[in-house]
Amino acid sequence: MTKKQEGVVRAALELLDERGAEGVSVRGVADRLGVRMNTVLWHAKSKARLLELMADAIVGEVSPEGLPEDWRERVHELARRYRRALLSHRDGAVIVAGTHVAEPGTLRFADRMVEALLAGGLGEREAAWTCWSIVYFVLGLAQEEQTADRVQGEALAAALAPGGYPALSRVGAHLADASFDERFEHGIGLMTRR
């Protein structure tokens, strides 16, 4: 990425943090930088490309340094760092989930994750698919966490109250539990159980 492209992406991420995903636009980035829209488009080509670059910058915040030796702990730590990167930006999970990026930051993260899974004895296909499962799980949970509020839990309780869903009613309190850290650790633990 060129220095000017980095500046465009940095401005777009600042806009994201201030206004959320819906507030990111090529015009908004241009206004922030004090340039014309064509200048932003010269470096980002389109809004879709801008979103890809933003997604890669977010995932690129996952440090590959100082990871544990044990493969399972390495996978868990990479997933934790990925979650922190997503949550460090308003609607970060929405931006990353909405793109299919083959850029350096994203590829570096995926490579480290697959490397750890292979070190744990998973076959190539299982390592690739487990990596996808972890990525999608973390993305989904982070999106929920970034949009969660008490009203959602109340809406679920009201929907289950008539009794038409006996199994869900039985576990309803756990479904509405907003203990995202615990839910995250539980899910990652399930995916790395061998």
# chains A, B, ... in the order shown; residues from 1 in each chain; ligands from 1
>>> select_by_dssp(residues="segment 45-190 of chain A", states="alpha helix (DSSP H)", output="PDB file with C-alpha atoms, in the first residue's frame")
ATOM      1  CA  LYS A  47     -16.133   2.466  -2.396  1.00  0.00           C
ATOM      2  CA  ALA A  48     -16.016  -1.345  -2.473  1.00  0.00           C
ATOM      3  CA  ARG A  49     -12.224  -1.217  -2.803  1.00  0.00           C
ATOM      4  CA  LEU A  50     -12.031   1.348  -0.003  1.00  0.00           C
ATOM      5  CA  LEU A  51     -13.983  -1.024   2.244  1.00  0.00           C
ATOM      6  CA  GLU A  52     -11.612  -3.872   1.328  1.00  0.00           C
ATOM      7  CA  LEU A  53      -8.603  -1.745   2.243  1.00  0.00           C
ATOM      8  CA  MET A  54     -10.282  -0.743   5.500  1.00  0.00           C
ATOM      9  CA  ALA A  55     -11.054  -4.389   6.313  1.00  0.00           C
ATOM     10  CA  ASP A  56      -7.464  -5.390   5.652  1.00  0.00           C
ATOM     11  CA  ALA A  57      -6.187  -2.551   7.835  1.00  0.00           C
ATOM     12  CA  ILE A  58      -8.436  -3.714  10.684  1.00  0.00           C
ATOM     13  CA  VAL A  59      -7.327  -7.346  10.400  1.00  0.00           C
ATOM     14  CA  TRP A  71      -0.811 -24.828  18.931  1.00  0.00           C
ATOM     15  CA  ARG A  72      -4.147 -24.646  20.774  1.00  0.00           C
ATOM     16  CA  GLU A  73      -3.113 -21.636  22.848  1.00  0.00           C
ATOM     17  CA  ARG A  74      -1.741 -19.996  19.696  1.00  0.00           C
ATOM     18  CA  VAL A  75      -5.100 -20.453  17.938  1.00  0.00           C
ATOM     19  CA  HIS A  76      -6.941 -19.068  20.967  1.00  0.00           C
ATOM     20  CA  GLU A  77      -4.609 -16.063  21.201  1.00  0.00           C
ATOM     21  CA  LEU A  78      -4.888 -15.304  17.482  1.00  0.00           C
ATOM     22  CA  ALA A  79      -8.678 -15.460  17.774  1.00  0.00           C
ATOM     23  CA  ARG A  80      -8.576 -13.138  20.811  1.00  0.00           C
ATOM     24  CA  ARG A  81      -6.396 -10.648  18.958  1.00  0.00           C
ATOM     25  CA  TYR A  82      -8.687 -10.844  15.926  1.00  0.00           C
ATOM     26  CA  ARG A  83     -11.705 -10.106  18.112  1.00  0.00           C
ATOM     27  CA  ARG A  84      -9.921  -7.167  19.767  1.00  0.00           C
ATOM     28  CA  ALA A  85      -9.022  -5.731  16.349  1.00  0.00           C
ATOM     29  CA  LEU A  86     -12.646  -5.983  15.196  1.00  0.00           C
ATOM     30  CA  LEU A  87     -13.963  -4.428  18.399  1.00  0.00           C
ATOM     31  CA  GLY A  92     -15.306  -3.069  12.617  1.00  0.00           C
ATOM     32  CA  ALA A  93     -16.889  -6.512  12.337  1.00  0.00           C
ATOM     33  CA  VAL A  94     -19.461  -5.215   9.832  1.00  0.00           C
ATOM     34  CA  ILE A  95     -16.706  -3.806   7.614  1.00  0.00           C
ATOM     35  CA  VAL A  96     -14.636  -7.001   7.701  1.00  0.00           C
ATOM     36  CA  ALA A  97     -17.639  -9.322   7.292  1.00  0.00           C
ATOM     37  CA  PRO A 104      -1.366  -8.682   3.217  1.00  0.00           C
ATOM     38  CA  GLY A 105      -2.860  -8.106   6.695  1.00  0.00           C
ATOM     39  CA  THR A 106      -5.686 -10.566   6.177  1.00  0.00           C
ATOM     40  CA  LEU A 107      -3.449 -13.164   4.534  1.00  0.00           C
ATOM     41  CA  ARG A 108      -0.830 -12.862   7.312  1.00  0.00           C
ATOM     42  CA  PHE A 109      -3.490 -13.475   9.973  1.00  0.00           C
ATOM     43  CA  ALA A 110      -5.007 -16.449   8.102  1.00  0.00           C
ATOM     44  CA  ASP A 111      -1.557 -17.913   7.456  1.00  0.00           C
ATOM     45  CA  ARG A 112      -0.682 -17.806  11.170  1.00  0.00           C
ATOM     46  CA  MET A 113      -4.025 -19.368  12.081  1.00  0.00           C
ATOM     47  CA  VAL A 114      -3.714 -22.189   9.552  1.00  0.00           C
ATOM     48  CA  GLU A 115      -0.086 -22.739  10.545  1.00  0.00           C
ATOM     49  CA  ALA A 116      -1.153 -23.215  14.183  1.00  0.00           C
ATOM     50  CA  LEU A 117      -3.964 -25.591  13.221  1.00  0.00           C
ATOM     51  CA  LEU A 118      -1.615 -27.667  11.057  1.00  0.00           C
ATOM     52  CA  ALA A 119       0.838 -27.792  13.979  1.00  0.00           C
ATOM     53  CA  GLU A 124      -5.018 -29.564   5.308  1.00  0.00           C
ATOM     54  CA  ARG A 125      -8.751 -29.485   4.588  1.00  0.00           C
ATOM     55  CA  GLU A 126      -9.663 -29.598   8.284  1.00  0.00           C
ATOM     56  CA  ALA A 127      -7.188 -26.795   9.063  1.00  0.00           C
ATOM     57  CA  ALA A 128      -8.598 -24.606   6.270  1.00  0.00           C
ATOM     58  CA  TRP A 129     -12.195 -25.235   7.277  1.00  0.00           C
ATOM     59  CA  THR A 130     -11.491 -24.781  10.988  1.00  0.00           C
ATOM     60  CA  CYS A 131      -9.825 -21.463  10.196  1.00  0.00           C
ATOM     61  CA  TRP A 132     -12.980 -20.366   8.345  1.00  0.00           C
ATOM     62  CA  SER A 133     -15.165 -21.573  11.224  1.00  0.00           C
ATOM     63  CA  ILE A 134     -13.142 -19.559  13.727  1.00  0.00           C
ATOM     64  CA  VAL A 135     -13.152 -16.445  11.538  1.00  0.00           C
ATOM     65  CA  TYR A 136     -16.920 -16.623  10.984  1.00  0.00           C
ATOM     66  CA  PHE A 137     -17.614 -17.334  14.648  1.00  0.00           C
ATOM     67  CA  VAL A 138     -15.507 -14.373  15.809  1.00  0.00           C
ATOM     68  CA  LEU A 139     -17.003 -12.081  13.144  1.00  0.00           C
ATOM     69  CA  GLY A 140     -20.563 -13.034  14.091  1.00  0.00           C
ATOM     70  CA  LEU A 141     -20.003 -12.690  17.826  1.00  0.00           C
ATOM     71  CA  ALA A 142     -18.205  -9.359  17.381  1.00  0.00           C
ATOM     72  CA  GLN A 143     -21.057  -8.048  15.221  1.00  0.00           C
ATOM     73  CA  GLU A 144     -23.542  -9.076  17.889  1.00  0.00           C
ATOM     74  CA  GLU A 145     -21.415  -7.499  20.602  1.00  0.00           C
ATOM     75  CA  GLN A 146     -21.119  -4.234  18.692  1.00  0.00           C
ATOM     76  CA  THR A 147     -24.887  -3.989  18.258  1.00  0.00           C
ATOM     77  CA  ARG A 150     -30.759  -4.826  26.634  1.00  0.00           C
ATOM     78  CA  VAL A 151     -33.789  -4.529  24.382  1.00  0.00           C
ATOM     79  CA  GLN A 152     -32.692  -7.548  22.317  1.00  0.00           C
ATOM     80  CA  GLY A 153     -32.753  -9.780  25.406  1.00  0.00           C
ATOM     81  CA  GLU A 154     -36.178  -8.437  26.368  1.00  0.00           C
ATOM     82  CA  ALA A 155     -37.480  -9.053  22.837  1.00  0.00           C
ATOM     83  CA  LEU A 156     -36.268 -12.657  22.950  1.00  0.00           C
ATOM     84  CA  ALA A 157     -37.911 -13.225  26.346  1.00  0.00           C
ATOM     85  CA  ALA A 158     -41.197 -11.782  25.054  1.00  0.00           C
ATOM     86  CA  ALA A 159     -41.067 -13.982  21.929  1.00  0.00           C
ATOM     87  CA  LEU A 160     -40.493 -17.108  24.029  1.00  0.00           C
ATOM     88  CA  PRO A 166     -40.150 -25.255  24.765  1.00  0.00           C
ATOM     89  CA  ALA A 167     -36.454 -26.054  24.237  1.00  0.00           C
ATOM     90  CA  LEU A 168     -35.568 -22.419  23.597  1.00  0.00           C
ATOM     91  CA  SER A 169     -37.663 -21.325  26.591  1.00  0.00           C
ATOM     92  CA  ARG A 170     -35.730 -23.756  28.747  1.00  0.00           C
ATOM     93  CA  VAL A 171     -32.369 -22.195  27.773  1.00  0.00           C
ATOM     94  CA  GLY A 172     -33.675 -18.665  27.128  1.00  0.00           C
ATOM     95  CA  ALA A 173     -31.743 -17.031  29.962  1.00  0.00           C
ATOM     96  CA  HIS A 174     -28.518 -18.394  28.506  1.00  0.00           C
ATOM     97  CA  LEU A 175     -29.386 -17.231  24.987  1.00  0.00           C
ATOM     98  CA  PHE A 180     -19.396 -11.999  25.371  1.00  0.00           C
ATOM     99  CA  ASP A 181     -15.968 -12.831  26.784  1.00  0.00           C
ATOM    100  CA  GLU A 182     -17.243 -16.107  28.231  1.00  0.00           C
ATOM    101  CA  ARG A 183     -19.224 -16.951  25.094  1.00  0.00           C
ATOM    102  CA  PHE A 184     -16.135 -16.265  23.000  1.00  0.00           C
ATOM    103  CA  GLU A 185     -13.889 -18.518  25.100  1.00  0.00           C
ATOM    104  CA  HIS A 186     -16.543 -21.260  25.083  1.00  0.00           C
ATOM    105  CA  GLY A 187     -16.878 -21.179  21.286  1.00  0.00           C
ATOM    106  CA  ILE A 188     -13.132 -21.139  20.605  1.00  0.00           C
ATOM    107  CA  GLY A 189     -12.709 -23.998  23.063  1.00  0.00           C
ATOM    108  CA  LEU A 190     -15.293 -26.077  21.211  1.00  0.00           C
TER     109      LEU A 190
END
>>> residues_around(residues="segment 25-35 of chain A", least_positions_apart="5", cutoff="10 Å", atoms="only C-alpha atoms", output="PDB file with all heavy atoms, in the first residue's frame")
ATOM      1  N   GLY A   7      -2.988   6.923   3.889  1.00  0.00           N
ATOM      2  CA  GLY A   7      -3.659   8.116   4.409  1.00  0.00           C
ATOM      3  C   GLY A   7      -5.157   8.089   4.152  1.00  0.00           C
ATOM      4  O   GLY A   7      -5.953   8.472   5.015  1.00  0.00           O
ATOM      5  N   VAL A   8      -5.544   7.618   2.974  1.00  0.00           N
ATOM      6  CA  VAL A   8      -6.965   7.497   2.632  1.00  0.00           C
ATOM      7  C   VAL A   8      -7.634   6.486   3.564  1.00  0.00           C
ATOM      8  O   VAL A   8      -8.717   6.728   4.106  1.00  0.00           O
ATOM      9  CB  VAL A   8      -7.143   7.100   1.143  1.00  0.00           C
ATOM     10  CG1 VAL A   8      -8.565   6.651   0.863  1.00  0.00           C
ATOM     11  CG2 VAL A   8      -6.749   8.263   0.238  1.00  0.00           C
ATOM     12  N   VAL A   9      -6.982   5.353   3.768  1.00  0.00           N
ATOM     13  CA  VAL A   9      -7.553   4.304   4.629  1.00  0.00           C
ATOM     14  C   VAL A   9      -7.631   4.796   6.070  1.00  0.00           C
ATOM     15  O   VAL A   9      -8.638   4.577   6.753  1.00  0.00           O
ATOM     16  CB  VAL A   9      -6.732   3.001   4.520  1.00  0.00           C
ATOM     17  CG1 VAL A   9      -7.178   1.985   5.551  1.00  0.00           C
ATOM     18  CG2 VAL A   9      -6.850   2.433   3.108  1.00  0.00           C
ATOM     19  N   ARG A  10      -6.603   5.456   6.544  1.00  0.00           N
ATOM     20  CA  ARG A  10      -6.614   5.994   7.911  1.00  0.00           C
ATOM     21  C   ARG A  10      -7.774   6.981   8.094  1.00  0.00           C
ATOM     22  O   ARG A  10      -8.496   6.934   9.086  1.00  0.00           O
ATOM     23  CB  ARG A  10      -5.271   6.655   8.231  1.00  0.00           C
ATOM     24  CG  ARG A  10      -5.063   7.008   9.673  1.00  0.00           C
ATOM     25  CD  ARG A  10      -3.649   7.478  10.012  1.00  0.00           C
ATOM     26  NE  ARG A  10      -2.964   8.232   8.984  1.00  0.00           N
ATOM     27  CZ  ARG A  10      -2.016   7.750   8.181  1.00  0.00           C
ATOM     28  NH1 ARG A  10      -1.647   6.483   8.267  1.00  0.00           N
ATOM     29  NH2 ARG A  10      -1.437   8.513   7.276  1.00  0.00           N
ATOM     30  N   ALA A  11      -7.979   7.850   7.107  1.00  0.00           N
ATOM     31  CA  ALA A  11      -9.091   8.808   7.173  1.00  0.00           C
ATOM     32  C   ALA A  11     -10.432   8.070   7.166  1.00  0.00           C
ATOM     33  O   ALA A  11     -11.361   8.439   7.887  1.00  0.00           O
ATOM     34  CB  ALA A  11      -9.013   9.792   6.011  1.00  0.00           C
ATOM     35  N   ALA A  12     -10.531   7.026   6.355  1.00  0.00           N
ATOM     36  CA  ALA A  12     -11.774   6.240   6.298  1.00  0.00           C
ATOM     37  C   ALA A  12     -12.033   5.551   7.637  1.00  0.00           C
ATOM     38  O   ALA A  12     -13.183   5.498   8.104  1.00  0.00           O
ATOM     39  CB  ALA A  12     -11.698   5.219   5.172  1.00  0.00           C
ATOM     40  N   LEU A  13     -10.991   5.031   8.284  1.00  0.00           N
ATOM     41  CA  LEU A  13     -11.164   4.388   9.588  1.00  0.00           C
ATOM     42  C   LEU A  13     -11.563   5.398  10.659  1.00  0.00           C
ATOM     43  O   LEU A  13     -12.369   5.095  11.540  1.00  0.00           O
ATOM     44  CB  LEU A  13      -9.889   3.643   9.995  1.00  0.00           C
ATOM     45  CG  LEU A  13      -9.588   2.375   9.200  1.00  0.00           C
ATOM     46  CD1 LEU A  13      -8.220   1.826   9.568  1.00  0.00           C
ATOM     47  CD2 LEU A  13     -10.668   1.322   9.403  1.00  0.00           C
ATOM     48  N   GLU A  14     -11.025   6.608  10.585  1.00  0.00           N
ATOM     49  CA  GLU A  14     -11.432   7.668  11.518  1.00  0.00           C
ATOM     50  C   GLU A  14     -12.910   7.988  11.325  1.00  0.00           C
ATOM     51  O   GLU A  14     -13.647   8.162  12.299  1.00  0.00           O
ATOM     52  CB  GLU A  14     -10.579   8.920  11.305  1.00  0.00           C
ATOM     53  CG  GLU A  14      -9.140   8.773  11.751  1.00  0.00           C
ATOM     54  CD  GLU A  14      -8.258   9.926  11.301  1.00  0.00           C
ATOM     55  OE1 GLU A  14      -8.778  10.892  10.674  1.00  0.00           O
ATOM     56  OE2 GLU A  14      -7.042   9.873  11.577  1.00  0.00           O
ATOM     57  N   LEU A  15     -13.325   8.044  10.080  1.00  0.00           N
ATOM     58  CA  LEU A  15     -14.731   8.296   9.764  1.00  0.00           C
ATOM     59  C   LEU A  15     -15.600   7.156  10.294  1.00  0.00           C
ATOM     60  O   LEU A  15     -16.672   7.392  10.872  1.00  0.00           O
ATOM     61  CB  LEU A  15     -14.888   8.438   8.252  1.00  0.00           C
ATOM     62  CG  LEU A  15     -16.115   9.121   7.698  1.00  0.00           C
ATOM     63  CD1 LEU A  15     -16.240  10.542   8.231  1.00  0.00           C
ATOM     64  CD2 LEU A  15     -16.047   9.137   6.176  1.00  0.00           C
ATOM     65  N   LEU A  16     -15.141   5.942  10.122  1.00  0.00           N
ATOM     66  CA  LEU A  16     -15.852   4.777  10.642  1.00  0.00           C
ATOM     67  C   LEU A  16     -16.021   4.876  12.151  1.00  0.00           C
ATOM     68  O   LEU A  16     -17.112   4.664  12.671  1.00  0.00           O
ATOM     69  CB  LEU A  16     -15.079   3.493  10.293  1.00  0.00           C
ATOM     70  CG  LEU A  16     -15.609   2.187  10.888  1.00  0.00           C
ATOM     71  CD1 LEU A  16     -16.946   1.822  10.256  1.00  0.00           C
ATOM     72  CD2 LEU A  16     -14.590   1.068  10.689  1.00  0.00           C
ATOM     73  N   VAL A  40      -9.522  10.612  -3.878  1.00  0.00           N
ATOM     74  CA  VAL A  40      -9.756   9.406  -3.080  1.00  0.00           C
ATOM     75  C   VAL A  40      -9.934   8.211  -4.010  1.00  0.00           C
ATOM     76  O   VAL A  40      -9.351   7.137  -3.786  1.00  0.00           O
ATOM     77  CB  VAL A  40     -10.978   9.581  -2.143  1.00  0.00           C
ATOM     78  CG1 VAL A  40     -11.327   8.274  -1.455  1.00  0.00           C
ATOM     79  CG2 VAL A  40     -10.717  10.675  -1.122  1.00  0.00           C
ATOM     80  N   LEU A  41     -10.716   8.392  -5.063  1.00  0.00           N
ATOM     81  CA  LEU A  41     -10.954   7.298  -6.005  1.00  0.00           C
ATOM     82  C   LEU A  41      -9.681   6.898  -6.761  1.00  0.00           C
ATOM     83  O   LEU A  41      -9.537   5.745  -7.159  1.00  0.00           O
ATOM     84  CB  LEU A  41     -12.070   7.665  -6.979  1.00  0.00           C
ATOM     85  CG  LEU A  41     -13.459   7.728  -6.338  1.00  0.00           C
ATOM     86  CD1 LEU A  41     -14.477   8.305  -7.316  1.00  0.00           C
ATOM     87  CD2 LEU A  41     -13.905   6.345  -5.861  1.00  0.00           C
ATOM     88  N   ALA A  44      -8.236   4.577  -4.123  1.00  0.00           N
ATOM     89  CA  ALA A  44      -9.076   3.465  -3.657  1.00  0.00           C
ATOM     90  C   ALA A  44      -9.907   2.841  -4.778  1.00  0.00           C
ATOM     91  O   ALA A  44     -10.488   1.782  -4.581  1.00  0.00           O
ATOM     92  CB  ALA A  44      -9.998   3.928  -2.531  1.00  0.00           C
ATOM     93  N   LYS A  45     -10.007   3.491  -5.920  1.00  0.00           N
ATOM     94  CA  LYS A  45     -10.727   3.003  -7.116  1.00  0.00           C
ATOM     95  C   LYS A  45     -12.248   2.987  -7.009  1.00  0.00           C
ATOM     96  O   LYS A  45     -12.932   3.306  -7.946  1.00  0.00           O
ATOM     97  CB  LYS A  45     -10.237   1.618  -7.551  1.00  0.00           C
ATOM     98  CG  LYS A  45      -8.747   1.514  -7.750  1.00  0.00           C
ATOM     99  CD  LYS A  45      -8.236   2.482  -8.776  1.00  0.00           C
ATOM    100  CE  LYS A  45      -6.726   2.375  -8.948  1.00  0.00           C
ATOM    101  NZ  LYS A  45      -6.089   3.636  -9.191  1.00  0.00           N
ATOM    102  N   SER A  46     -12.797   2.589  -5.862  1.00  0.00           N
ATOM    103  CA  SER A  46     -14.248   2.538  -5.675  1.00  0.00           C
ATOM    104  C   SER A  46     -14.534   2.448  -4.175  1.00  0.00           C
ATOM    105  O   SER A  46     -13.625   2.177  -3.383  1.00  0.00           O
ATOM    106  CB  SER A  46     -14.845   1.319  -6.390  1.00  0.00           C
ATOM    107  OG  SER A  46     -14.388   0.128  -5.767  1.00  0.00           O
ATOM    108  N   LYS A  47     -15.785   2.624  -3.806  1.00  0.00           N
ATOM    109  CA  LYS A  47     -16.133   2.466  -2.396  1.00  0.00           C
ATOM    110  C   LYS A  47     -15.907   1.024  -1.951  1.00  0.00           C
ATOM    111  O   LYS A  47     -15.427   0.775  -0.845  1.00  0.00           O
ATOM    112  CB  LYS A  47     -17.579   2.879  -2.119  1.00  0.00           C
ATOM    113  CG  LYS A  47     -17.903   2.753  -0.628  1.00  0.00           C
ATOM    114  CD  LYS A  47     -19.257   3.249  -0.249  1.00  0.00           C
ATOM    115  CE  LYS A  47     -19.464   3.040   1.257  1.00  0.00           C
ATOM    116  NZ  LYS A  47     -20.787   3.413   1.685  1.00  0.00           N
ATOM    117  N   ALA A  48     -16.228   0.062  -2.821  1.00  0.00           N
ATOM    118  CA  ALA A  48     -16.016  -1.345  -2.473  1.00  0.00           C
ATOM    119  C   ALA A  48     -14.538  -1.609  -2.197  1.00  0.00           C
ATOM    120  O   ALA A  48     -14.188  -2.311  -1.242  1.00  0.00           O
ATOM    121  CB  ALA A  48     -16.525  -2.252  -3.592  1.00  0.00           C
ATOM    122  N   LEU A  50     -12.343   0.643  -1.241  1.00  0.00           N
ATOM    123  CA  LEU A  50     -12.031   1.348  -0.003  1.00  0.00           C
ATOM    124  C   LEU A  50     -12.396   0.482   1.198  1.00  0.00           C
ATOM    125  O   LEU A  50     -11.622   0.360   2.149  1.00  0.00           O
ATOM    126  CB  LEU A  50     -12.770   2.689   0.056  1.00  0.00           C
ATOM    127  CG  LEU A  50     -12.593   3.512   1.336  1.00  0.00           C
ATOM    128  CD1 LEU A  50     -11.141   3.917   1.529  1.00  0.00           C
ATOM    129  CD2 LEU A  50     -13.497   4.748   1.289  1.00  0.00           C
ATOM    130  N   LEU A  51     -13.562  -0.153   1.152  1.00  0.00           N
ATOM    131  CA  LEU A  51     -13.983  -1.024   2.244  1.00  0.00           C
ATOM    132  C   LEU A  51     -13.051  -2.227   2.391  1.00  0.00           C
ATOM    133  O   LEU A  51     -12.748  -2.659   3.501  1.00  0.00           O
ATOM    134  CB  LEU A  51     -15.429  -1.476   2.039  1.00  0.00           C
ATOM    135  CG  LEU A  51     -16.482  -0.372   2.124  1.00  0.00           C
ATOM    136  CD1 LEU A  51     -17.854  -0.903   1.720  1.00  0.00           C
ATOM    137  CD2 LEU A  51     -16.526   0.262   3.503  1.00  0.00           C
TER     138      LEU A  51
END
>>> atom_distance(atom1="atom CA of Met191 of chain A", atom2="atom CA of Leu122 of chain A")
11.9 Å
>>> atom_distance(atom1="atom CA of Glu61 of chain A", atom2="atom CA of Thr39 of chain A")
25.8 Å
>>> closest_residue(among="A:Asp91, A:Ala102, A:His43, A:Arg36", to="Gly60 of chain A", atoms="only C-alpha atoms")
A:Ala102
>>> atom_distance(atom1="atom CA of Asp177 of chain A", atom2="atom CA of Gly164 of chain A")
20.7 Å
>>> closest_residue(among="A:Ala178, A:Met1, A:Val24, A:Leu67", to="Arg90 of chain A", atoms="only C-alpha atoms")
A:Val24
>>> closest_residue(among="A:Glu103, A:Val62, A:Pro68, A:Gln5", to="Trp42 of chain A", atoms="only C-alpha atoms")
A:Gln5
>>> decode(residues="segment 73-96 of chain A", atoms="N, CA and C atoms", output="compact mmCIF listing (two decimals), in the first residue's frame")
# COMPACT_ATOMS: atom_id res chain seq x y z
N GLU A 73 -3.19 -22.97 22.24
CA GLU A 73 -3.11 -21.64 22.85
C GLU A 73 -2.81 -20.57 21.80
N ARG A 74 -2.03 -20.93 20.78
CA ARG A 74 -1.74 -20.00 19.70
C ARG A 74 -3.01 -19.66 18.92
N VAL A 75 -3.82 -20.68 18.63
CA VAL A 75 -5.10 -20.45 17.94
C VAL A 75 -6.00 -19.56 18.79
N HIS A 76 -6.09 -19.87 20.07
CA HIS A 76 -6.94 -19.07 20.97
C HIS A 76 -6.45 -17.62 21.01
N GLU A 77 -5.15 -17.43 21.12
CA GLU A 77 -4.61 -16.06 21.20
C GLU A 77 -4.81 -15.30 19.90
N LEU A 78 -4.62 -15.97 18.76
CA LEU A 78 -4.89 -15.30 17.48
C LEU A 78 -6.35 -14.90 17.38
N ALA A 79 -7.25 -15.78 17.81
CA ALA A 79 -8.68 -15.46 17.77
C ALA A 79 -8.99 -14.29 18.71
N ARG A 80 -8.37 -14.26 19.88
CA ARG A 80 -8.58 -13.14 20.81
C ARG A 80 -8.10 -11.82 20.20
N ARG A 81 -6.94 -11.86 19.58
CA ARG A 81 -6.40 -10.65 18.96
C ARG A 81 -7.27 -10.20 17.79
N TYR A 82 -7.78 -11.15 17.04
CA TYR A 82 -8.69 -10.84 15.93
C TYR A 82 -9.94 -10.15 16.46
N ARG A 83 -10.50 -10.70 17.50
CA ARG A 83 -11.71 -10.11 18.11
C ARG A 83 -11.42 -8.69 18.60
N ARG A 84 -10.27 -8.51 19.27
CA ARG A 84 -9.92 -7.17 19.77
C ARG A 84 -9.78 -6.18 18.62
N ALA A 85 -9.17 -6.62 17.51
CA ALA A 85 -9.02 -5.73 16.35
C ALA A 85 -10.39 -5.33 15.80
N LEU A 86 -11.30 -6.28 15.69
CA LEU A 86 -12.65 -5.98 15.20
C LEU A 86 -13.37 -5.02 16.12
N LEU A 87 -13.24 -5.25 17.42
CA LEU A 87 -13.96 -4.43 18.40
C LEU A 87 -13.31 -3.07 18.62
N SER A 88 -12.08 -2.90 18.16
CA SER A 88 -11.39 -1.63 18.38
C SER A 88 -11.90 -0.52 17.45
N HIS A 89 -12.72 -0.89 16.48
CA HIS A 89 -13.32 0.09 15.56
C HIS A 89 -14.83 -0.05 15.59
N ARG A 90 -15.50 1.06 15.68
CA ARG A 90 -16.96 1.03 15.62
C ARG A 90 -17.38 0.33 14.33
N ASP A 91 -18.23 -0.67 14.44
CA ASP A 91 -18.69 -1.45 13.29
C ASP A 91 -17.55 -2.16 12.55
N GLY A 92 -16.44 -2.40 13.25
CA GLY A 92 -15.31 -3.07 12.62
C GLY A 92 -15.68 -4.43 12.07
N ALA A 93 -16.49 -5.18 12.80
CA ALA A 93 -16.89 -6.51 12.34
C ALA A 93 -17.77 -6.42 11.10
N VAL A 94 -18.60 -5.40 11.01
CA VAL A 94 -19.46 -5.21 9.83
C VAL A 94 -18.60 -4.95 8.60
N ILE A 95 -17.59 -4.12 8.75
CA ILE A 95 -16.71 -3.81 7.61
C ILE A 95 -15.97 -5.06 7.15
N VAL A 96 -15.41 -5.81 8.08
CA VAL A 96 -14.64 -7.00 7.70
C VAL A 96 -15.55 -8.09 7.14
